[in-house]
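Below: input.cif (mmCIF, C-alpha atoms)
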data_run
#
loop_
_atom_site.label_atom_id
_atom_site.label_comp_id
_atom_site.auth_asym_id
_atom_site.auth_seq_id
_atom_site.Cartn_x
_atom_site.Cartn_y
_atom_site.Cartn_z
CA MET C 1 33.92 -36.99 56.91
CA ARG C 2 33.32 -33.25 57.36
CA LEU C 3 36.15 -32.46 54.95
CA ARG C 4 34.66 -34.80 52.32
CA ILE C 5 31.21 -33.21 52.72
CA PHE C 6 32.70 -29.70 52.46
CA ALA C 7 34.65 -30.68 49.34
CA ALA C 8 31.54 -32.16 47.75
CA LEU C 9 29.53 -29.02 48.48
CA ALA C 10 32.29 -26.84 47.07
CA ALA C 11 32.43 -28.91 43.90
CA LEU C 12 28.64 -28.69 43.58
CA ALA C 13 28.79 -24.91 43.93
CA LEU C 14 31.42 -24.69 41.21
CA LEU C 15 29.34 -26.90 38.92
CA SER C 16 26.25 -24.75 39.55
CA ALA C 17 28.18 -21.63 38.63
CA ALA C 18 29.44 -23.23 35.43
CA CYS C 19 25.87 -24.19 34.50
CA GLY C 20 24.49 -20.69 34.54
CA GLY C 21 23.71 -20.25 38.23
CA SER C 22 26.13 -17.35 38.65
CA SER C 23 25.56 -13.80 37.46
CA ASP C 24 29.24 -13.80 36.45
CA SER C 25 28.73 -16.60 33.95
CA VAL C 26 26.23 -17.67 31.33
CA THR C 27 25.69 -21.11 29.82
CA VAL C 28 25.00 -21.30 26.09
CA TYR C 29 23.75 -24.18 23.97
CA SER C 30 24.97 -23.31 20.48
CA GLY C 31 23.76 -24.78 17.21
CA ARG C 32 26.36 -22.65 15.46
CA THR C 33 29.76 -24.30 15.11
CA GLU C 34 32.62 -23.24 17.32
CA ASN C 35 34.58 -21.45 14.59
CA LEU C 36 31.57 -19.26 13.79
CA ILE C 37 30.63 -18.17 17.30
CA GLN C 38 33.43 -18.80 19.85
CA PRO C 39 35.58 -15.80 18.82
CA ILE C 40 32.82 -13.31 19.61
CA LEU C 41 31.83 -15.11 22.81
CA ASP C 42 35.47 -14.81 23.93
CA GLN C 43 35.36 -11.10 23.11
CA PHE C 44 32.15 -10.73 25.14
CA THR C 45 33.87 -12.29 28.16
CA GLU C 46 36.91 -10.06 27.69
CA GLU C 47 34.79 -6.89 27.58
CA THR C 48 32.23 -7.74 30.29
CA GLY C 49 33.99 -10.16 32.62
CA ILE C 50 31.08 -12.61 32.23
CA ALA C 51 32.32 -16.13 31.56
CA VAL C 52 30.56 -18.16 28.87
CA GLU C 53 30.23 -21.94 29.07
CA VAL C 54 29.25 -23.43 25.69
CA ARG C 55 27.81 -26.74 24.61
CA TYR C 56 28.00 -27.19 20.83
CA GLY C 57 25.80 -29.42 18.69
CA GLY C 58 23.27 -29.42 15.90
CA SER C 59 20.50 -26.85 16.35
CA THR C 60 17.70 -29.40 16.09
CA ASP C 61 19.48 -31.89 18.37
CA LEU C 62 20.07 -29.23 21.04
CA ALA C 63 16.47 -27.98 20.81
CA LEU C 64 15.22 -31.53 21.35
CA LEU C 65 17.66 -31.93 24.26
CA ILE C 66 16.37 -28.74 25.90
CA ASP C 67 12.81 -29.99 25.44
CA GLU C 68 13.81 -33.25 27.15
CA GLU C 69 15.69 -31.48 29.97
CA GLY C 70 12.81 -29.08 30.62
CA ASP C 71 13.23 -27.11 33.86
CA ARG C 72 16.44 -29.06 34.57
CA THR C 73 18.36 -27.62 31.63
CA PRO C 74 21.58 -25.86 32.63
CA ALA C 75 21.31 -23.60 29.55
CA ASP C 76 20.62 -19.90 29.94
CA VAL C 77 20.80 -19.03 26.23
CA PHE C 78 20.13 -20.96 23.04
CA ILE C 79 21.81 -19.94 19.77
CA SER C 80 20.25 -21.58 16.74
CA GLN C 81 21.64 -21.87 13.24
CA SER C 82 18.06 -21.80 11.99
CA PRO C 83 14.77 -20.20 13.10
CA GLY C 84 13.04 -23.58 12.93
CA ALA C 85 14.82 -25.01 15.97
CA ILE C 86 14.43 -21.93 18.15
CA GLY C 87 10.83 -21.53 16.99
CA PHE C 88 10.23 -25.09 18.14
CA LEU C 89 11.38 -24.12 21.66
CA ALA C 90 9.22 -20.99 21.62
CA GLY C 91 6.21 -23.09 20.68
CA LYS C 92 6.96 -25.51 23.52
CA GLY C 93 7.08 -22.71 26.11
CA HIS C 94 10.82 -23.05 26.78
CA LEU C 95 11.76 -19.41 26.10
CA GLN C 96 11.18 -16.21 28.07
CA PRO C 97 10.83 -12.67 26.67
CA ILE C 98 13.97 -10.72 25.80
CA ALA C 99 14.32 -7.14 27.06
CA GLY C 100 12.32 -4.77 24.84
CA ASP C 101 15.17 -2.33 24.19
CA THR C 102 17.26 -5.22 22.90
CA LEU C 103 14.52 -6.49 20.62
CA ASP C 104 14.11 -3.05 19.09
CA LEU C 105 17.65 -3.25 17.69
CA VAL C 106 16.35 -5.62 15.00
CA ASP C 107 13.57 -5.09 12.46
CA ALA C 108 10.29 -6.80 13.43
CA GLN C 109 10.40 -9.16 10.42
CA PHE C 110 13.56 -10.78 11.83
CA ARG C 111 12.33 -11.55 15.36
CA ASN C 112 9.62 -13.45 17.20
CA ALA C 113 6.36 -11.52 17.49
CA ALA C 114 6.15 -12.24 21.24
CA GLY C 115 9.77 -11.22 21.84
CA LEU C 116 10.94 -14.74 22.67
CA TRP C 117 13.87 -14.77 20.23
CA VAL C 118 15.63 -12.39 17.90
CA GLY C 119 17.66 -12.76 14.71
CA MET C 120 21.39 -12.01 14.83
CA SER C 121 22.43 -12.51 11.20
CA GLY C 122 20.88 -13.49 7.88
CA ARG C 123 21.67 -15.88 5.04
CA VAL C 124 20.07 -16.18 1.61
CA ARG C 125 19.27 -19.51 -0.03
CA VAL C 126 21.00 -19.78 -3.42
CA ILE C 127 21.95 -22.24 -6.13
CA VAL C 128 25.72 -22.64 -6.16
CA TYR C 129 26.95 -23.82 -9.56
CA ASN C 130 30.20 -24.73 -11.30
CA LYS C 131 30.89 -21.98 -13.84
CA ASP C 132 33.00 -24.32 -15.97
CA LEU C 133 30.21 -26.90 -16.25
CA VAL C 134 27.03 -24.82 -16.25
CA ASP C 135 25.88 -22.08 -18.61
CA PRO C 136 24.10 -19.54 -16.36
CA ALA C 137 21.40 -19.22 -19.05
CA THR C 138 20.39 -22.83 -18.32
CA LEU C 139 19.85 -22.26 -14.60
CA PRO C 140 16.22 -22.51 -13.44
CA SER C 141 13.82 -19.61 -13.00
CA SER C 142 12.33 -21.33 -9.92
CA VAL C 143 13.51 -23.93 -7.43
CA PHE C 144 10.51 -25.98 -8.54
CA ASP C 145 12.13 -26.40 -11.97
CA LEU C 146 14.85 -28.59 -10.47
CA THR C 147 12.62 -31.67 -10.77
CA GLN C 148 12.77 -31.40 -14.58
CA ASP C 149 14.64 -33.99 -16.67
CA GLN C 150 17.40 -31.55 -17.65
CA TYR C 151 18.55 -31.42 -14.02
CA LYS C 152 18.49 -35.18 -13.40
CA GLY C 153 21.44 -36.16 -11.21
CA GLN C 154 22.75 -32.59 -11.41
CA VAL C 155 21.66 -31.13 -8.05
CA ALA C 156 23.15 -31.55 -4.57
CA ILE C 157 21.07 -31.12 -1.42
CA ALA C 158 21.59 -31.61 2.33
CA PRO C 159 18.36 -33.21 3.65
CA ALA C 160 19.50 -33.31 7.28
CA ASN C 161 20.69 -29.69 7.31
CA GLY C 162 18.70 -27.21 9.40
CA SER C 163 18.62 -24.54 6.71
CA PHE C 164 17.32 -27.02 4.13
CA GLN C 165 14.62 -28.08 6.59
CA ASP C 166 13.67 -24.44 7.23
CA PHE C 167 13.43 -23.89 3.48
CA VAL C 168 11.16 -26.94 3.15
CA THR C 169 9.02 -25.77 6.08
CA ALA C 170 8.59 -22.37 4.46
CA MET C 171 7.64 -24.08 1.21
CA ARG C 172 4.99 -26.07 3.10
CA GLU C 173 3.51 -22.96 4.68
CA ILE C 174 3.40 -21.02 1.40
CA HIS C 175 2.59 -23.76 -1.11
CA GLY C 176 1.05 -26.48 1.08
CA ASP C 177 2.07 -29.98 2.10
CA ASP C 178 0.93 -31.63 -1.12
CA VAL C 179 3.01 -29.37 -3.37
CA THR C 180 6.00 -29.69 -1.06
CA ALA C 181 5.74 -33.48 -0.85
CA ASP C 182 5.52 -33.64 -4.65
CA TRP C 183 8.64 -31.46 -4.98
CA LEU C 184 10.61 -33.58 -2.50
CA ALA C 185 9.53 -36.80 -4.21
CA GLY C 186 10.37 -35.23 -7.57
CA MET C 187 13.86 -34.34 -6.37
CA ALA C 188 14.37 -37.91 -5.16
CA ALA C 189 13.08 -39.32 -8.46
CA ASN C 190 15.35 -36.89 -10.33
CA ASP C 191 18.35 -38.40 -8.53
CA ALA C 192 19.23 -35.37 -6.38
CA GLN C 193 22.53 -36.13 -4.63
CA ALA C 194 22.55 -35.97 -0.82
CA TYR C 195 25.46 -34.39 1.06
CA SER C 196 26.01 -33.90 4.77
CA ASN C 197 26.10 -30.09 4.81
CA ASN C 198 26.45 -26.87 2.84
CA SER C 199 30.24 -26.81 2.92
CA SER C 200 30.56 -30.26 1.39
CA ILE C 201 28.13 -29.25 -1.37
CA VAL C 202 30.12 -26.13 -2.27
CA GLN C 203 33.37 -28.09 -2.26
CA ALA C 204 31.88 -30.79 -4.50
CA VAL C 205 30.48 -28.18 -6.91
CA GLY C 206 33.77 -26.30 -6.97
CA ARG C 207 35.69 -29.49 -7.81
CA GLY C 208 33.24 -30.37 -10.58
CA GLU C 209 31.96 -33.45 -8.75
CA ILE C 210 28.40 -32.21 -9.31
CA PRO C 211 27.23 -29.20 -11.35
CA MET C 212 25.06 -27.38 -8.78
CA GLY C 213 23.51 -27.49 -5.31
CA LEU C 214 21.15 -25.76 -2.89
CA VAL C 215 23.01 -23.92 -0.10
CA ASN C 216 23.20 -20.69 1.91
CA HIS C 217 25.02 -17.85 0.16
CA TYR C 218 27.95 -17.36 2.52
CA TYR C 219 29.46 -20.83 2.20
CA ASN C 220 30.65 -20.15 -1.32
CA PHE C 221 32.10 -16.75 -0.39
CA ARG C 222 34.03 -18.25 2.52
CA LEU C 223 35.31 -21.31 0.64
CA THR C 224 36.41 -19.38 -2.43
CA THR C 225 38.34 -17.04 -0.14
CA GLU C 226 40.21 -20.07 1.23
CA GLU C 227 40.43 -21.84 -2.16
CA PRO C 228 40.34 -19.26 -4.98
CA SER C 229 40.69 -22.04 -7.55
CA LEU C 230 37.18 -23.36 -6.82
CA ALA C 231 35.00 -22.79 -9.90
CA SER C 232 31.81 -22.11 -7.91
CA GLU C 233 29.43 -19.16 -8.20
CA ASN C 234 26.19 -18.19 -6.45
CA PHE C 235 22.95 -17.83 -8.41
CA TYR C 236 20.06 -15.94 -6.81
CA LEU C 237 16.57 -17.03 -7.81
CA PRO C 238 13.95 -14.37 -8.64
CA ALA C 239 12.02 -12.37 -6.04
CA GLY C 240 9.14 -14.30 -4.53
CA ASP C 241 10.60 -17.73 -5.25
CA ILE C 242 10.96 -19.83 -2.11
CA GLY C 243 14.42 -20.78 -3.35
CA SER C 244 15.68 -17.28 -2.45
CA LEU C 245 14.46 -17.43 1.15
CA VAL C 246 16.29 -15.31 3.74
CA ILE C 247 16.99 -17.40 6.85
CA VAL C 248 18.08 -15.90 10.18
CA THR C 249 20.27 -17.15 12.99
CA GLY C 250 18.31 -16.85 16.24
CA ILE C 251 19.11 -16.34 19.92
CA GLY C 252 16.83 -16.60 22.96
CA ILE C 253 16.76 -17.02 26.75
CA LEU C 254 15.56 -20.26 28.30
CA GLU C 255 12.48 -20.07 30.50
CA ALA C 256 14.30 -22.23 33.07
CA SER C 257 17.18 -19.74 33.41
CA ASP C 258 17.46 -17.72 36.60
CA ASN C 259 20.37 -15.76 35.13
CA THR C 260 18.41 -13.43 32.87
CA ASP C 261 20.51 -10.31 33.51
CA SER C 262 23.67 -11.89 32.09
CA ALA C 263 21.66 -13.61 29.36
CA ASN C 264 20.14 -10.30 28.24
CA ARG C 265 23.55 -8.66 28.33
CA LEU C 266 24.90 -11.36 26.04
CA ILE C 267 22.05 -10.95 23.55
CA GLU C 268 22.38 -7.17 23.56
CA TRP C 269 26.11 -7.55 22.95
CA MET C 270 25.53 -9.98 20.08
CA LEU C 271 23.42 -7.29 18.42
CA GLY C 272 26.05 -4.61 19.02
CA GLU C 273 28.69 -3.28 16.66
CA SER C 274 31.50 -5.73 17.51
CA ALA C 275 29.49 -8.91 16.96
CA GLN C 276 27.54 -7.57 13.99
CA THR C 277 30.79 -6.51 12.31
CA PHE C 278 32.14 -10.03 12.89
CA PHE C 279 29.12 -11.49 11.11
CA SER C 280 29.56 -9.01 8.28
CA GLN C 281 33.30 -9.28 7.73
CA GLU C 282 34.32 -12.69 9.08
CA THR C 283 31.40 -15.04 8.40
CA LEU C 284 30.12 -12.99 5.42
CA GLU C 285 26.51 -13.02 6.58
CA TYR C 286 24.07 -10.13 6.57
CA PRO C 287 24.12 -8.25 9.91
CA LEU C 288 20.63 -7.52 11.24
CA ALA C 289 21.33 -4.83 13.84
CA ALA C 290 23.54 -1.94 14.97
CA ASP C 291 23.45 -0.22 11.58
CA VAL C 292 26.44 -2.32 10.49
CA ALA C 293 26.72 -2.64 6.72
CA ALA C 294 27.13 -5.98 5.01
CA SER C 295 30.49 -6.85 3.51
CA ASP C 296 31.08 -5.13 0.19
CA ARG C 297 31.68 -8.63 -1.21
CA LEU C 298 27.96 -9.35 -0.84
CA PRO C 299 25.17 -8.11 -3.09
CA VAL C 300 22.78 -5.69 -1.39
CA LEU C 301 19.82 -7.67 -0.05
CA GLU C 302 17.25 -5.47 -1.76
CA THR C 303 18.85 -6.03 -5.18
CA ILE C 304 18.91 -9.82 -5.32
CA GLY C 305 15.24 -10.76 -5.28
CA LEU C 306 15.16 -12.07 -1.72
CA THR C 307 12.11 -13.74 -0.22
CA THR C 308 11.25 -13.08 3.43
CA TYR C 309 8.86 -15.10 5.55
CA ASP C 310 7.12 -15.19 8.93
CA PHE C 311 9.82 -17.11 10.79
CA ASP C 312 7.46 -17.93 13.66
CA GLN C 313 5.82 -20.43 11.32
CA LEU C 314 8.98 -22.50 10.99
CA GLY C 315 9.24 -23.89 14.51
CA GLY C 316 5.82 -25.50 14.68
CA GLY C 317 6.33 -27.25 11.36
CA LEU C 318 9.77 -28.72 11.94
CA GLU C 319 8.68 -32.21 12.96
CA ARG C 320 6.21 -32.55 10.07
CA THR C 321 8.88 -31.30 7.65
CA LYS C 322 11.27 -34.03 8.74
CA GLU C 323 8.50 -36.59 8.22
CA LEU C 324 7.93 -35.37 4.66
CA ILE C 325 11.66 -35.41 3.86
CA ASP C 326 12.00 -38.96 5.21
CA ALA C 327 8.94 -40.13 3.30
CA SER C 328 10.19 -38.61 0.02
CA GLY C 329 13.10 -41.00 -0.38
CA LEU C 330 15.72 -38.28 0.09
CA GLU C 331 18.22 -39.75 2.51
CA ALA C 332 21.10 -38.12 4.34
CA PRO C 333 24.50 -39.61 3.41
#

Serialized structure, structure tokens:
Amino acid sequence: MRLRIFAALAALALLSAACGGSSDSVTVYSGRTENLIQPILDQFTEETGIAVEVRYGGSTDLALLIDEEGDRTPADVFISQSPGAIGFLAGKGHLQPIAGDTLDLVDAQFRNAAGLWVGMSGRVRVIVYNKDLVDPATLPSSVFDLTQDQYKGQVAIAPANGSFQDFVTAMREIHGDDVTADWLAGMAANDAQAYSNNSSIVQAVGRGEIPMGLVNHYYNFRLTTEEPSLASENFYLPAGDIGSLVIVTGIGILEASDNTDSANRLIEWMLGESAQTFFSQETLEYPLAADVAASDRLPVLETIGLTTYDFDQLGGGLERTKELIDASGLEAP
């Protein structure tokens, strides 16, 4: 009996360590896919000796799970593909402040005003189009133009994608719910084609399955590297148009974590040269810290008419955004 009790206690101790209870390990819930984040987490472990346990899933799904778990969550750190999901957690009181020196590595426009999360990398919303099917002169001057008859059945979107939902939330905050609801309904009426994610949109556009789609910039760069024959190009909408929104990937520490030292070390490392160079050169995103330059394959942010936004506004509007998308008639495949 004593041996069984001892074995059970030992197993419980090991489980607690794996769930973030040990200063030699940190538990991460990641809304970024494994191929985009695991290599640099492995490098962090190699350089610091701190083990990283990761649970992967959709950013919104994981944020809702953390909200459900509350103080019982085993997560120390949340990595979100979009600011909407991590902003949702900040608004619910599930995040604790990040160390000030770490926050200062990133410009104030790319982090939470209260220091509850910080951006790691940036992506720009673009129209990806098939250069064999579309004359660039016929591309719209605003994302709002896509509801016009000339684009009927010509545009791919990903209604369930976090970045699309962040874009819609930003549209709501800038232009209002009525304008946004009209645009969503107009896209549905104009037979916008729903895809599961950005990658599938770029692949479909490159194959000529559909002429154009709304995506983040880096998907086309990555896919054309793998498949140079794809006939897809990025088109950047003019400055000030919500269709050229810059969206950041966020990281924060859970309020329930008692492993804040290791969690802060991980965040500081993710904003350091090694991780920021990975974002620049491997995932072809815009690095936000450590004075690391973007890949020379990417246009300079200041030259492409980007639109920035108060990202703290995205989290509180996520649930209402999903309601508007559902009500519009745009359905995920």

Item to complete: Kindly give the distance, in Å, that separates atom CA of C:Ile267 and atom CA of C:Ser199, rounded to a single decimal.
Response: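 Result for atom CA of C:Ile267 versus atom CA of C:Ser199: 27.3 Å, one decimal.
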
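For the atom pair formed by atom CA of C:Leu116 and atom CA of C:Ile251, the distance is 8.8 Å, given to one decimal.
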
What are the nearest atom pairs, with distances in Å to one decimal, for all residues of stretch 106-182 of chain C that come at most 7 Å from stretch 278-296 of chain C, using all atoms listed in the file, set out by chain and rising residue number as a tab-separated table?
residue	atom	partner	partner_atom	distance
C:Val106	CA	C:Ala289	CA	5.2
C:Gly119	CA	C:Leu288	CA	7.0
C:Met120	CA	C:Leu288	CA	5.8
C:Ser121	CA	C:Pro287	CA	4.8
C:Gly122	CA	C:Tyr286	CA	4.8
C:Arg123	CA	C:Glu285	CA	5.8

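Between atom CA of C:Leu214 and atom CA of C:Glu323 there is a distance of 20.0 Å.
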
As an mmCIF file with C-alpha atoms, keeping the file's coordinate frame, please: the residues near C:Val202 (cut-off 8 Å, all atoms listed in the file, same-chain neighbours under 2 positions excluded).
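Ended up saving to part05.cif:
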data_model
loop_
_atom_site.group_PDB
_atom_site.id
_atom_site.type_symbol
_atom_site.label_atom_id
_atom_site.label_comp_id
_atom_site.auth_asym_id
_atom_site.auth_seq_id
_atom_site.Cartn_x
_atom_site.Cartn_y
_atom_site.Cartn_z
ATOM 1 C CA VAL C 128 25.720 -22.640 -6.160
ATOM 2 C CA ASN C 198 26.450 -26.870 2.840
ATOM 3 C CA SER C 199 30.240 -26.810 2.920
ATOM 4 C CA SER C 200 30.560 -30.260 1.390
ATOM 5 C CA ALA C 204 31.880 -30.790 -4.500
ATOM 6 C CA VAL C 205 30.480 -28.180 -6.910
ATOM 7 C CA GLY C 206 33.770 -26.300 -6.970
ATOM 8 C CA GLY C 213 23.510 -27.490 -5.310
ATOM 9 C CA VAL C 215 23.010 -23.920 -0.100
ATOM 10 C CA TYR C 219 29.460 -20.830 2.200
ATOM 11 C CA ASN C 220 30.650 -20.150 -1.320
ATOM 12 C CA LEU C 223 35.310 -21.310 0.640
ATOM 13 C CA SER C 232 31.810 -22.110 -7.910
#

Starting from the shown file, work through the PyMOL selection byres ((chain C and resi 235-245) around 9) and note down what comes out as a compact mmCIF listing (two decimals) with C-alpha atoms, in the coordinates of the input.
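Output file expr.txt is given in full below:
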# COMPACT_ATOMS: atom_id res chain seq x y z
CA ARG C 123 21.67 -15.88 5.04
CA VAL C 124 20.07 -16.18 1.61
CA ARG C 125 19.27 -19.51 -0.03
CA VAL C 126 21.00 -19.78 -3.42
CA ILE C 127 21.95 -22.24 -6.13
CA VAL C 128 25.72 -22.64 -6.16
CA TYR C 129 26.95 -23.82 -9.56
CA PRO C 136 24.10 -19.54 -16.36
CA LEU C 139 19.85 -22.26 -14.60
CA PRO C 140 16.22 -22.51 -13.44
CA SER C 141 13.82 -19.61 -13.00
CA SER C 142 12.33 -21.33 -9.92
CA VAL C 143 13.51 -23.93 -7.43
CA PHE C 144 10.51 -25.98 -8.54
CA PHE C 167 13.43 -23.89 3.48
CA VAL C 168 11.16 -26.94 3.15
CA ALA C 170 8.59 -22.37 4.46
CA MET C 171 7.64 -24.08 1.21
CA ILE C 174 3.40 -21.02 1.40
CA LEU C 214 21.15 -25.76 -2.89
CA HIS C 217 25.02 -17.85 0.16
CA GLU C 233 29.43 -19.16 -8.20
CA ASN C 234 26.19 -18.19 -6.45
CA VAL C 246 16.29 -15.31 3.74
CA ILE C 247 16.99 -17.40 6.85
CA ILE C 304 18.91 -9.82 -5.32
CA GLY C 305 15.24 -10.76 -5.28
CA LEU C 306 15.16 -12.07 -1.72
CA THR C 307 12.11 -13.74 -0.22
CA THR C 308 11.25 -13.08 3.43
CA TYR C 309 8.86 -15.10 5.55

Practice prompt. Name the closest residue to C:Val77 among the candidates C:Ala189, C:Leu41, C:Ile253, C:Ile50; distances are taken between atoms, counting only C-alpha atoms.
Written response: C:Ile253

Practice prompt. Kindly indicate which residue among C:Val52, C:Ala194, C:Ala185, C:Ile201 lies nearest to C:Ala160, using all atoms listed in the file for the distances.
Written response: C:Ala194

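Among the candidates C:Phe164, C:Ile37, C:Gly272, C:Val134, the residue lying nearest to C:Tyr195 is C:Phe164 (atoms considered: only C-alpha atoms).
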
Worksheet item: Hey, can you pull every residue with an atom no more than 9 Å from (20.5, -27.5, 14.9), using all atoms listed in the file, and send it as a PyMOL selection string?
Response: chain C and resi 30-32+57-63+80-82+84-86+161-163

Output C-alpha atoms for every residue in the selection just made, as an mmCIF file, keeping the file's coordinate frame.
data_model
loop_
_atom_site.group_PDB
_atom_site.id
_atom_site.type_symbol
_atom_site.label_atom_id
_atom_site.label_comp_id
_atom_site.auth_asym_id
_atom_site.auth_seq_id
_atom_site.Cartn_x
_atom_site.Cartn_y
_atom_site.Cartn_z
ATOM 1 C CA SER C 30 24.970 -23.310 20.480
ATOM 2 C CA GLY C 31 23.760 -24.780 17.210
ATOM 3 C CA ARG C 32 26.360 -22.650 15.460
ATOM 4 C CA GLY C 57 25.800 -29.420 18.690
ATOM 5 C CA GLY C 58 23.270 -29.420 15.900
ATOM 6 C CA SER C 59 20.500 -26.850 16.350
ATOM 7 C CA THR C 60 17.700 -29.400 16.090
ATOM 8 C CA ASP C 61 19.480 -31.890 18.370
ATOM 9 C CA LEU C 62 20.070 -29.230 21.040
ATOM 10 C CA ALA C 63 16.470 -27.980 20.810
ATOM 11 C CA SER C 80 20.250 -21.580 16.740
ATOM 12 C CA GLN C 81 21.640 -21.870 13.240
ATOM 13 C CA SER C 82 18.060 -21.800 11.990
ATOM 14 C CA GLY C 84 13.040 -23.580 12.930
ATOM 15 C CA ALA C 85 14.820 -25.010 15.970
ATOM 16 C CA ILE C 86 14.430 -21.930 18.150
ATOM 17 C CA ASN C 161 20.690 -29.690 7.310
ATOM 18 C CA GLY C 162 18.700 -27.210 9.400
ATOM 19 C CA SER C 163 18.620 -24.540 6.710
#

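Each of C:Gly329, C:Leu301, C:Leu133, C:Met270 was compared to C:Gly186 using all atoms listed in the file, and C:Gly329 turns out to be the nearest.
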
Worksheet entry | Best match for closeness to C:Thr169 among C:Gln193, C:Thr321, C:Gln154, C:Asn112, counting all atoms listed in the file | C:Thr321

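If you measure from each of C:Gln150, C:Gln203, C:Ser328, C:Ser262 to C:Thr27 using all atoms listed in the file, the closest one turns out to be C:Ser262.
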
Item to complete: With the file shown as input, list the residues that the PyMOL selection byres ((chain C and resi 102) around 8) selects, as a PyMOL selection string.
Response: chain C and resi 98-101+103-106+264+267-268+271

Output of the above residues as a PDB file, in the frame of the given file, restricted to C-alpha atoms:
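Output contents, as saved in result-v7.pdb:
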ATOM      1  CA  ILE C  98      13.970 -10.720  25.800  1.00  0.00           C
ATOM      2  CA  ALA C  99      14.320  -7.140  27.060  1.00  0.00           C
ATOM      3  CA  GLY C 100      12.320  -4.770  24.840  1.00  0.00           C
ATOM      4  CA  ASP C 101      15.170  -2.330  24.190  1.00  0.00           C
ATOM      5  CA  LEU C 103      14.520  -6.490  20.620  1.00  0.00           C
ATOM      6  CA  ASP C 104      14.110  -3.050  19.090  1.00  0.00           C
ATOM      7  CA  LEU C 105      17.650  -3.250  17.690  1.00  0.00           C
ATOM      8  CA  VAL C 106      16.350  -5.620  15.000  1.00  0.00           C
ATOM      9  CA  ASN C 264      20.140 -10.300  28.240  1.00  0.00           C
ATOM     10  CA  ILE C 267      22.050 -10.950  23.550  1.00  0.00           C
ATOM     11  CA  GLU C 268      22.380  -7.170  23.560  1.00  0.00           C
ATOM     12  CA  LEU C 271      23.420  -7.290  18.420  1.00  0.00           C
TER      13      LEU C 271
END

Fill in: Given the PyMOL selection byres ((chain C and resi 330) around 8), the residues it picks as a PyMOL selection string
chain C and resi 159+184-185+187-188+192+194+325-329+331-332

Restricting the output to C-alpha atoms, write the selected residues as a PDB file, in the coordinates of the input.
ATOM      1  CA  PRO C 159      18.360 -33.210   3.650  1.00  0.00           C
ATOM      2  CA  LEU C 184      10.610 -33.580  -2.500  1.00  0.00           C
ATOM      3  CA  ALA C 185       9.530 -36.800  -4.210  1.00  0.00           C
ATOM      4  CA  MET C 187      13.860 -34.340  -6.370  1.00  0.00           C
ATOM      5  CA  ALA C 188      14.370 -37.910  -5.160  1.00  0.00           C
ATOM      6  CA  ALA C 192      19.230 -35.370  -6.380  1.00  0.00           C
ATOM      7  CA  ALA C 194      22.550 -35.970  -0.820  1.00  0.00           C
ATOM      8  CA  ILE C 325      11.660 -35.410   3.860  1.00  0.00           C
ATOM      9  CA  ASP C 326      12.000 -38.960   5.210  1.00  0.00           C
ATOM     10  CA  ALA C 327       8.940 -40.130   3.300  1.00  0.00           C
ATOM     11  CA  SER C 328      10.190 -38.610   0.020  1.00  0.00           C
ATOM     12  CA  GLY C 329      13.100 -41.000  -0.380  1.00  0.00           C
ATOM     13  CA  GLU C 331      18.220 -39.750   2.510  1.00  0.00           C
ATOM     14  CA  ALA C 332      21.100 -38.120   4.340  1.00  0.00           C
TER      15      ALA C 332
END
